[in-house]
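Structure file target-v4.txt (compact mmCIF, N, CA and C atoms) follows.
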# COMPACT_ATOMS: atom_id res chain seq x y z
N MET A 1 123.67 83.40 41.02
CA MET A 1 123.48 82.91 42.38
C MET A 1 124.49 83.62 43.27
N SER A 2 124.07 84.07 44.41
CA SER A 2 124.94 84.82 45.30
C SER A 2 125.92 83.90 46.03
N LEU A 3 126.97 84.50 46.50
CA LEU A 3 127.99 83.77 47.26
C LEU A 3 127.38 83.15 48.52
N LEU A 4 126.51 83.89 49.21
CA LEU A 4 125.92 83.37 50.44
C LEU A 4 125.04 82.16 50.19
N SER A 5 124.26 82.18 49.11
CA SER A 5 123.41 81.02 48.84
C SER A 5 124.25 79.80 48.51
N ARG A 6 125.37 79.99 47.89
CA ARG A 6 126.26 78.85 47.61
C ARG A 6 126.87 78.32 48.89
N LEU A 7 127.25 79.22 49.80
CA LEU A 7 127.85 78.80 51.06
C LEU A 7 126.88 78.00 51.91
N PHE A 8 125.60 78.34 51.82
CA PHE A 8 124.60 77.71 52.66
C PHE A 8 123.72 76.73 51.91
N GLY A 9 124.27 76.13 50.85
CA GLY A 9 123.59 75.01 50.21
C GLY A 9 122.68 75.35 49.06
N GLY A 10 122.83 76.51 48.46
CA GLY A 10 122.01 76.84 47.30
C GLY A 10 122.32 75.93 46.13
N LYS A 11 121.35 75.75 45.26
CA LYS A 11 121.54 74.89 44.09
C LYS A 11 122.36 75.63 43.04
N ARG A 12 123.14 74.89 42.31
CA ARG A 12 123.92 75.47 41.23
C ARG A 12 123.01 75.75 40.05
N GLU A 13 123.31 76.85 39.35
CA GLU A 13 122.49 77.25 38.23
C GLU A 13 122.68 76.34 37.03
N SER A 14 123.88 75.87 36.82
CA SER A 14 124.15 75.00 35.68
C SER A 14 125.18 73.96 36.09
N ALA A 15 125.19 72.88 35.36
CA ALA A 15 126.15 71.82 35.67
C ALA A 15 127.54 72.31 35.29
N GLU A 16 128.44 72.28 36.27
CA GLU A 16 129.82 72.68 36.04
C GLU A 16 130.66 71.43 36.00
N PRO A 17 131.64 71.39 35.11
CA PRO A 17 132.48 70.19 35.02
C PRO A 17 133.25 69.96 36.31
N GLU A 18 133.41 68.70 36.67
CA GLU A 18 134.17 68.34 37.85
C GLU A 18 135.65 68.58 37.59
N SER A 19 136.37 69.02 38.60
CA SER A 19 137.81 69.22 38.49
C SER A 19 138.52 68.03 39.11
N ALA A 20 139.69 67.77 38.62
CA ALA A 20 140.49 66.66 39.13
C ALA A 20 140.95 66.94 40.55
N VAL A 21 141.08 65.88 41.33
CA VAL A 21 141.62 65.98 42.68
C VAL A 21 143.14 66.00 42.57
N ILE A 22 143.76 66.94 43.25
CA ILE A 22 145.22 67.10 43.23
C ILE A 22 145.76 66.63 44.57
N ASP A 23 146.70 65.69 44.57
CA ASP A 23 147.37 65.28 45.81
C ASP A 23 148.57 66.19 46.01
N TYR A 24 148.66 66.80 47.22
CA TYR A 24 149.74 67.73 47.51
C TYR A 24 150.13 67.62 48.98
N GLU A 25 151.35 67.19 49.23
CA GLU A 25 151.90 67.12 50.59
C GLU A 25 151.00 66.36 51.57
N GLY A 26 150.35 65.30 51.10
CA GLY A 26 149.49 64.51 51.96
C GLY A 26 148.06 65.04 52.06
N PHE A 27 147.76 66.12 51.39
CA PHE A 27 146.43 66.71 51.35
C PHE A 27 145.81 66.45 49.98
N ARG A 28 144.48 66.55 49.91
CA ARG A 28 143.77 66.52 48.63
C ARG A 28 143.24 67.93 48.38
N VAL A 29 143.49 68.44 47.18
CA VAL A 29 142.98 69.76 46.79
C VAL A 29 141.97 69.53 45.68
N ILE A 30 140.75 70.02 45.90
CA ILE A 30 139.69 69.89 44.91
C ILE A 30 139.28 71.30 44.49
N PRO A 31 139.69 71.75 43.31
CA PRO A 31 139.31 73.09 42.87
C PRO A 31 137.81 73.13 42.56
N GLU A 32 137.12 74.16 43.06
CA GLU A 32 135.68 74.31 42.87
C GLU A 32 135.32 75.77 42.58
N PRO A 33 135.91 76.36 41.51
CA PRO A 33 135.59 77.77 41.25
C PRO A 33 134.09 77.96 41.08
N MET A 34 133.60 79.12 41.53
CA MET A 34 132.17 79.40 41.50
C MET A 34 131.86 80.43 40.42
N LYS A 35 130.90 80.11 39.58
CA LYS A 35 130.46 81.03 38.52
C LYS A 35 129.60 82.11 39.15
N GLU A 36 129.96 83.36 38.90
CA GLU A 36 129.19 84.51 39.38
C GLU A 36 129.06 85.49 38.23
N GLY A 37 127.91 85.43 37.59
CA GLY A 37 127.71 86.29 36.42
C GLY A 37 128.64 85.87 35.30
N SER A 38 129.49 86.79 34.87
CA SER A 38 130.40 86.49 33.77
C SER A 38 131.81 86.14 34.24
N VAL A 39 132.00 86.04 35.56
CA VAL A 39 133.33 85.75 36.10
C VAL A 39 133.29 84.52 37.00
N TRP A 40 134.46 84.03 37.37
CA TRP A 40 134.61 82.87 38.25
C TRP A 40 135.33 83.28 39.52
N ARG A 41 134.75 82.96 40.67
CA ARG A 41 135.36 83.24 41.97
C ARG A 41 136.26 82.08 42.37
N LEU A 42 137.43 82.40 42.93
CA LEU A 42 138.36 81.38 43.39
C LEU A 42 137.78 80.61 44.56
N CYS A 43 137.80 79.28 44.46
CA CYS A 43 137.29 78.44 45.53
C CYS A 43 137.91 77.05 45.38
N ALA A 44 138.28 76.45 46.49
CA ALA A 44 138.81 75.09 46.50
C ALA A 44 138.51 74.45 47.85
N ARG A 45 138.48 73.13 47.85
CA ARG A 45 138.31 72.38 49.10
C ARG A 45 139.63 71.65 49.37
N ILE A 46 140.09 71.73 50.61
CA ILE A 46 141.30 71.03 51.04
C ILE A 46 140.86 69.95 52.00
N GLU A 47 141.30 68.71 51.76
CA GLU A 47 140.93 67.59 52.62
C GLU A 47 142.17 66.82 53.04
N LYS A 48 142.06 66.19 54.21
CA LYS A 48 143.12 65.31 54.69
C LYS A 48 142.52 64.31 55.66
N GLU A 49 142.99 63.09 55.58
CA GLU A 49 142.58 62.04 56.51
C GLU A 49 143.44 62.18 57.77
N ILE A 50 142.77 62.42 58.91
CA ILE A 50 143.47 62.57 60.19
C ILE A 50 142.78 61.67 61.20
N ASP A 51 143.52 60.72 61.76
CA ASP A 51 142.98 59.78 62.76
C ASP A 51 141.71 59.09 62.26
N GLY A 52 141.73 58.68 61.00
CA GLY A 52 140.61 57.94 60.43
C GLY A 52 139.41 58.79 60.05
N GLU A 53 139.51 60.10 60.20
CA GLU A 53 138.42 61.01 59.85
C GLU A 53 138.87 61.96 58.76
N THR A 54 138.01 62.17 57.76
CA THR A 54 138.34 63.12 56.70
C THR A 54 138.00 64.53 57.17
N LYS A 55 139.03 65.35 57.28
CA LYS A 55 138.86 66.76 57.65
C LYS A 55 138.79 67.57 56.36
N SER A 56 138.02 68.65 56.37
CA SER A 56 137.83 69.45 55.17
C SER A 56 137.86 70.94 55.52
N HIS A 57 138.46 71.72 54.63
CA HIS A 57 138.51 73.18 54.78
C HIS A 57 138.21 73.79 53.42
N ARG A 58 137.30 74.73 53.37
CA ARG A 58 136.95 75.36 52.10
C ARG A 58 137.61 76.72 52.00
N VAL A 59 138.28 76.95 50.88
CA VAL A 59 138.96 78.20 50.60
C VAL A 59 138.09 78.98 49.61
N ILE A 60 137.65 80.16 50.00
CA ILE A 60 136.90 81.04 49.10
C ILE A 60 137.56 82.41 49.17
N ARG A 61 137.87 82.95 48.03
CA ARG A 61 138.53 84.25 47.96
C ARG A 61 137.69 85.23 47.15
N ALA A 62 137.93 86.51 47.36
CA ALA A 62 137.20 87.55 46.64
C ALA A 62 137.68 87.67 45.19
N ASP A 63 138.86 87.13 44.90
CA ASP A 63 139.42 87.22 43.54
C ASP A 63 138.49 86.59 42.52
N THR A 64 138.34 87.23 41.38
CA THR A 64 137.57 86.66 40.29
C THR A 64 138.40 86.71 39.01
N LEU A 65 138.12 85.75 38.15
CA LEU A 65 138.83 85.64 36.87
C LEU A 65 137.82 85.43 35.76
N GLN A 66 138.22 85.70 34.54
CA GLN A 66 137.31 85.61 33.40
C GLN A 66 137.02 84.18 32.97
N GLY A 67 138.00 83.29 33.07
CA GLY A 67 137.82 81.93 32.57
C GLY A 67 137.86 80.89 33.68
N ARG A 68 137.09 79.81 33.50
CA ARG A 68 137.05 78.74 34.49
C ARG A 68 138.40 78.05 34.64
N ASP A 69 139.06 77.75 33.53
CA ASP A 69 140.35 77.06 33.60
C ASP A 69 141.37 77.87 34.39
N GLN A 70 141.39 79.17 34.17
CA GLN A 70 142.31 80.03 34.92
C GLN A 70 141.92 80.04 36.40
N ALA A 71 140.63 80.08 36.70
CA ALA A 71 140.17 80.07 38.09
C ALA A 71 140.53 78.76 38.78
N VAL A 72 140.45 77.64 38.06
CA VAL A 72 140.86 76.34 38.61
C VAL A 72 142.34 76.39 38.97
N GLU A 73 143.16 76.86 38.06
CA GLU A 73 144.61 76.91 38.28
C GLU A 73 144.97 77.79 39.47
N VAL A 74 144.37 78.97 39.55
CA VAL A 74 144.67 79.90 40.64
C VAL A 74 144.12 79.37 41.97
N SER A 75 142.96 78.71 41.94
CA SER A 75 142.40 78.10 43.14
C SER A 75 143.33 77.03 43.70
N ILE A 76 143.88 76.21 42.82
CA ILE A 76 144.84 75.17 43.24
C ILE A 76 146.07 75.81 43.86
N ASN A 77 146.59 76.84 43.21
CA ASN A 77 147.80 77.50 43.72
C ASN A 77 147.54 78.13 45.09
N LYS A 78 146.36 78.75 45.29
CA LYS A 78 146.04 79.36 46.57
C LYS A 78 145.91 78.28 47.66
N ALA A 79 145.29 77.15 47.32
CA ALA A 79 145.15 76.06 48.28
C ALA A 79 146.53 75.51 48.67
N LYS A 80 147.41 75.34 47.70
CA LYS A 80 148.77 74.87 47.99
C LYS A 80 149.50 75.85 48.90
N GLN A 81 149.34 77.14 48.65
CA GLN A 81 149.97 78.16 49.48
C GLN A 81 149.48 78.05 50.93
N MET A 82 148.17 77.87 51.10
CA MET A 82 147.62 77.73 52.45
C MET A 82 148.14 76.47 53.14
N ILE A 83 148.27 75.38 52.40
CA ILE A 83 148.83 74.15 52.97
C ILE A 83 150.26 74.38 53.42
N ASP A 84 151.05 75.04 52.57
CA ASP A 84 152.45 75.33 52.90
C ASP A 84 152.55 76.21 54.15
N GLU A 85 151.65 77.17 54.28
CA GLU A 85 151.71 78.12 55.39
C GLU A 85 151.12 77.56 56.69
N GLN A 86 150.02 76.76 56.59
CA GLN A 86 149.30 76.37 57.79
C GLN A 86 149.30 74.88 58.08
N GLY A 87 149.51 74.05 57.07
CA GLY A 87 149.51 72.60 57.28
C GLY A 87 148.24 72.12 57.95
N ASP A 88 148.37 71.21 58.91
CA ASP A 88 147.21 70.63 59.60
C ASP A 88 146.42 71.67 60.41
N ALA A 89 147.01 72.82 60.70
CA ALA A 89 146.31 73.86 61.46
C ALA A 89 145.09 74.38 60.70
N LEU A 90 144.99 74.10 59.42
CA LEU A 90 143.80 74.48 58.64
C LEU A 90 142.53 73.93 59.25
N PHE A 91 142.64 72.80 59.93
CA PHE A 91 141.47 72.09 60.43
C PHE A 91 141.16 72.37 61.90
N HIS A 92 141.84 73.31 62.51
CA HIS A 92 141.61 73.63 63.93
C HIS A 92 140.84 74.91 64.08
Show me, as structure tokens, the structure contained in the file I just sent.
Amino acid sequence: MSLLSRLFGGKRESAEPESAVIDYEGFRVIPEPMKEGSVWRLCARIEKEIDGETKSHRVIRADTLQGRDQAVEVSINKAKQMIDEQGDALFH
């Protein structure tokens, strides 16, 4: 499945295990690596409750890794880095 079809609501080819939600600096990080052929693309969702509304930002990178577990770990680290650098500005 192509990256564009996933971005615009394409169905997943196979059931992928859910990843744990990570609480970090008041944000929620949900790793969602995407299977593309034999590799996994880095992807995570960052959420935060602001003024009673859940704001969400999706992180998708060109980086690919061979294993899902490694992609989950690197996706979490990239999301944390973005939180550290941008904070609430992620949602503007």
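Distances to Lys48 (chain A) were evaluated for A:Arg68, A:Arg28, A:Lys80, A:His92 using only N, CA and C atoms, and the minimum falls at A:Arg28.
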Practice prompt. Could you please write out, as a ChimeraX atom specification, every residue of chain A that DSSP assigns to strand (DSSP E or B)?
Written response: /A:22-24,27-31,34-36,39-50,53-65
Would you save the residues from that selection as an mmCIF file, in the frame of the given file, using N, CA and C atoms?
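To be explicit, this is the file written out as selection38.cif:
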data_model
loop_
_atom_site.group_PDB
_atom_site.id
_atom_site.type_symbol
_atom_site.label_atom_id
_atom_site.label_comp_id
_atom_site.auth_asym_id
_atom_site.auth_seq_id
_atom_site.Cartn_x
_atom_site.Cartn_y
_atom_site.Cartn_z
ATOM 1 N N ILE A 22 143.760 66.940 43.250
ATOM 2 C CA ILE A 22 145.220 67.100 43.230
ATOM 3 C C ILE A 22 145.760 66.630 44.570
ATOM 4 N N ASP A 23 146.700 65.690 44.570
ATOM 5 C CA ASP A 23 147.370 65.280 45.810
ATOM 6 C C ASP A 23 148.570 66.190 46.010
ATOM 7 N N TYR A 24 148.660 66.800 47.220
ATOM 8 C CA TYR A 24 149.740 67.730 47.510
ATOM 9 C C TYR A 24 150.130 67.620 48.980
ATOM 10 N N PHE A 27 147.760 66.120 51.390
ATOM 11 C CA PHE A 27 146.430 66.710 51.350
ATOM 12 C C PHE A 27 145.810 66.450 49.980
ATOM 13 N N ARG A 28 144.480 66.550 49.910
ATOM 14 C CA ARG A 28 143.770 66.520 48.630
ATOM 15 C C ARG A 28 143.240 67.930 48.380
ATOM 16 N N VAL A 29 143.490 68.440 47.180
ATOM 17 C CA VAL A 29 142.980 69.760 46.790
ATOM 18 C C VAL A 29 141.970 69.530 45.680
ATOM 19 N N ILE A 30 140.750 70.020 45.900
ATOM 20 C CA ILE A 30 139.690 69.890 44.910
ATOM 21 C C ILE A 30 139.280 71.300 44.490
ATOM 22 N N PRO A 31 139.690 71.750 43.310
ATOM 23 C CA PRO A 31 139.310 73.090 42.870
ATOM 24 C C PRO A 31 137.810 73.130 42.560
ATOM 25 N N MET A 34 133.600 79.120 41.530
ATOM 26 C CA MET A 34 132.170 79.400 41.500
ATOM 27 C C MET A 34 131.860 80.430 40.420
ATOM 28 N N LYS A 35 130.900 80.110 39.580
ATOM 29 C CA LYS A 35 130.460 81.030 38.520
ATOM 30 C C LYS A 35 129.600 82.110 39.150
ATOM 31 N N GLU A 36 129.960 83.360 38.900
ATOM 32 C CA GLU A 36 129.190 84.510 39.380
ATOM 33 C C GLU A 36 129.060 85.490 38.230
ATOM 34 N N VAL A 39 132.000 86.040 35.560
ATOM 35 C CA VAL A 39 133.330 85.750 36.100
ATOM 36 C C VAL A 39 133.290 84.520 37.000
ATOM 37 N N TRP A 40 134.460 84.030 37.370
ATOM 38 C CA TRP A 40 134.610 82.870 38.250
ATOM 39 C C TRP A 40 135.330 83.280 39.520
ATOM 40 N N ARG A 41 134.750 82.960 40.670
ATOM 41 C CA ARG A 41 135.360 83.240 41.970
ATOM 42 C C ARG A 41 136.260 82.080 42.370
ATOM 43 N N LEU A 42 137.430 82.400 42.930
ATOM 44 C CA LEU A 42 138.360 81.380 43.390
ATOM 45 C C LEU A 42 137.780 80.610 44.560
ATOM 46 N N CYS A 43 137.800 79.280 44.460
ATOM 47 C CA CYS A 43 137.290 78.440 45.530
ATOM 48 C C CYS A 43 137.910 77.050 45.380
ATOM 49 N N ALA A 44 138.280 76.450 46.490
ATOM 50 C CA ALA A 44 138.810 75.090 46.500
ATOM 51 C C ALA A 44 138.510 74.450 47.850
ATOM 52 N N ARG A 45 138.480 73.130 47.850
ATOM 53 C CA ARG A 45 138.310 72.380 49.100
ATOM 54 C C ARG A 45 139.630 71.650 49.370
ATOM 55 N N ILE A 46 140.090 71.730 50.610
ATOM 56 C CA ILE A 46 141.300 71.030 51.040
ATOM 57 C C ILE A 46 140.860 69.950 52.000
ATOM 58 N N GLU A 47 141.300 68.710 51.760
ATOM 59 C CA GLU A 47 140.930 67.590 52.620
ATOM 60 C C GLU A 47 142.170 66.820 53.040
ATOM 61 N N LYS A 48 142.060 66.190 54.210
ATOM 62 C CA LYS A 48 143.120 65.310 54.690
ATOM 63 C C LYS A 48 142.520 64.310 55.660
ATOM 64 N N GLU A 49 142.990 63.090 55.580
ATOM 65 C CA GLU A 49 142.580 62.040 56.510
ATOM 66 C C GLU A 49 143.440 62.180 57.770
ATOM 67 N N ILE A 50 142.770 62.420 58.910
ATOM 68 C CA ILE A 50 143.470 62.570 60.190
ATOM 69 C C ILE A 50 142.780 61.670 61.200
ATOM 70 N N GLU A 53 139.510 60.100 60.200
ATOM 71 C CA GLU A 53 138.420 61.010 59.850
ATOM 72 C C GLU A 53 138.870 61.960 58.760
ATOM 73 N N THR A 54 138.010 62.170 57.760
ATOM 74 C CA THR A 54 138.340 63.120 56.700
ATOM 75 C C THR A 54 138.000 64.530 57.170
ATOM 76 N N LYS A 55 139.030 65.350 57.280
ATOM 77 C CA LYS A 55 138.860 66.760 57.650
ATOM 78 C C LYS A 55 138.790 67.570 56.360
ATOM 79 N N SER A 56 138.020 68.650 56.370
ATOM 80 C CA SER A 56 137.830 69.450 55.170
ATOM 81 C C SER A 56 137.860 70.940 55.520
ATOM 82 N N HIS A 57 138.460 71.720 54.630
ATOM 83 C CA HIS A 57 138.510 73.180 54.780
ATOM 84 C C HIS A 57 138.210 73.790 53.420
ATOM 85 N N ARG A 58 137.300 74.730 53.370
ATOM 86 C CA ARG A 58 136.950 75.360 52.100
ATOM 87 C C ARG A 58 137.610 76.720 52.000
ATOM 88 N N VAL A 59 138.280 76.950 50.880
ATOM 89 C CA VAL A 59 138.960 78.200 50.600
ATOM 90 C C VAL A 59 138.090 78.980 49.610
ATOM 91 N N ILE A 60 137.650 80.160 50.000
ATOM 92 C CA ILE A 60 136.900 81.040 49.100
ATOM 93 C C ILE A 60 137.560 82.410 49.170
ATOM 94 N N ARG A 61 137.870 82.950 48.030
ATOM 95 C CA ARG A 61 138.530 84.250 47.960
ATOM 96 C C ARG A 61 137.690 85.230 47.150
ATOM 97 N N ALA A 62 137.930 86.510 47.360
ATOM 98 C CA ALA A 62 137.200 87.550 46.640
ATOM 99 C C ALA A 62 137.680 87.670 45.190
ATOM 100 N N ASP A 63 138.860 87.130 44.900
ATOM 101 C CA ASP A 63 139.420 87.220 43.540
ATOM 102 C C ASP A 63 138.490 86.590 42.520
ATOM 103 N N THR A 64 138.340 87.230 41.380
ATOM 104 C CA THR A 64 137.570 86.660 40.290
ATOM 105 C C THR A 64 138.400 86.710 39.010
ATOM 106 N N LEU A 65 138.120 85.750 38.150
ATOM 107 C CA LEU A 65 138.830 85.640 36.870
ATOM 108 C C LEU A 65 137.820 85.430 35.760
#
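When atom C of Ile83 (chain A) is paired with atom N of Arg61 (chain A), their separation reads 16.0 Å.
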Worksheet entry | Closest of A:Val72, A:Asn77, A:Ser56, A:Ala62 to Pro33 (chain A) - atom-to-atom distances counting all atoms listed in the file | A:Val72
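Compared by their closest atoms to Met82 (chain A), and using only C-alpha atoms, the residues A:Val29, A:Ile50, A:Val39, A:Leu65 rank with A:Val29 nearest.
Counting from atom C of Lys55 (chain A), the distance to atom N of Gly26 (chain A) is 12.9 Å.
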Practice prompt. Show which residues sit within 7 Å of Trp40 (chain A), as number ranges by chain. Count all atoms listed in the file, and ignore same-chain residues fewer than 4 positions away.
Written response: A: 33-36, 63-68, 71
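Between CA of Glu73 (chain A) and atom N of Thr54 (chain A) the separation is 25.3 Å.
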Practice prompt. Step one, run DSSP on the backbone; step two, keep only residues of chain A assigned to alpha helix (DSSP H); then write them as a list in words.
Written response: Leu3, Leu4, Ser5, Arg6, Leu7, Arg68, Asp69, Gln70, Ala71, Val72, Glu73, Val74, Ser75, Ile76, Asn77, Lys78, Ala79, Lys80, Gln81, Met82, Ile83, Asp84, Glu85 and Gln86 of chain A
Worksheet entry | Arg58 (chain A) environment, 6 Å, all atoms listed in the file, sequence neighbours closer than 6 positions dropped, as a ChimeraX atom specification | /A:44-46
Discussion item. If we count only N, CA and C atoms and set the cut-off at 6 Å, which residues sit around Ala20 (chain A), ignoring sequence neighbours fewer than 2 positions away in its own chain? Please answer as a ChimeraX atom specification.
Written reply: /A:18,22,29-31
Take the residues from that selection and put them in a file with N, CA and C atoms, as a JSON list (two decimals), keeping the file's coordinate frame.
[["chain", "number", "residue", "atom", "x", "y", "z"],
["A", 18, "GLU", "N", 133.41, 68.70, 36.67],
["A", 18, "GLU", "CA", 134.17, 68.34, 37.85],
["A", 18, "GLU", "C", 135.65, 68.58, 37.59],
["A", 22, "ILE", "N", 143.76, 66.94, 43.25],
["A", 22, "ILE", "CA", 145.22, 67.10, 43.23],
["A", 22, "ILE", "C", 145.76, 66.63, 44.57],
["A", 29, "VAL", "N", 143.49, 68.44, 47.18],
["A", 29, "VAL", "CA", 142.98, 69.76, 46.79],
["A", 29, "VAL", "C", 141.97, 69.53, 45.68],
["A", 30, "ILE", "N", 140.75, 70.02, 45.90],
["A", 30, "ILE", "CA", 139.69, 69.89, 44.91],
["A", 30, "ILE", "C", 139.28, 71.30, 44.49],
["A", 31, "PRO", "N", 139.69, 71.75, 43.31],
["A", 31, "PRO", "CA", 139.31, 73.09, 42.87],
["A", 31, "PRO", "C", 137.81, 73.13, 42.56]]
Worksheet item: Do you know which residues are at most 10 Å from Asp84 (chain A) counting only C-alpha atoms, after dropping those on the same chain fewer than 5 positions away, and could you put them as a ChimeraX atom specification?
Response: /A:24-25,78-79
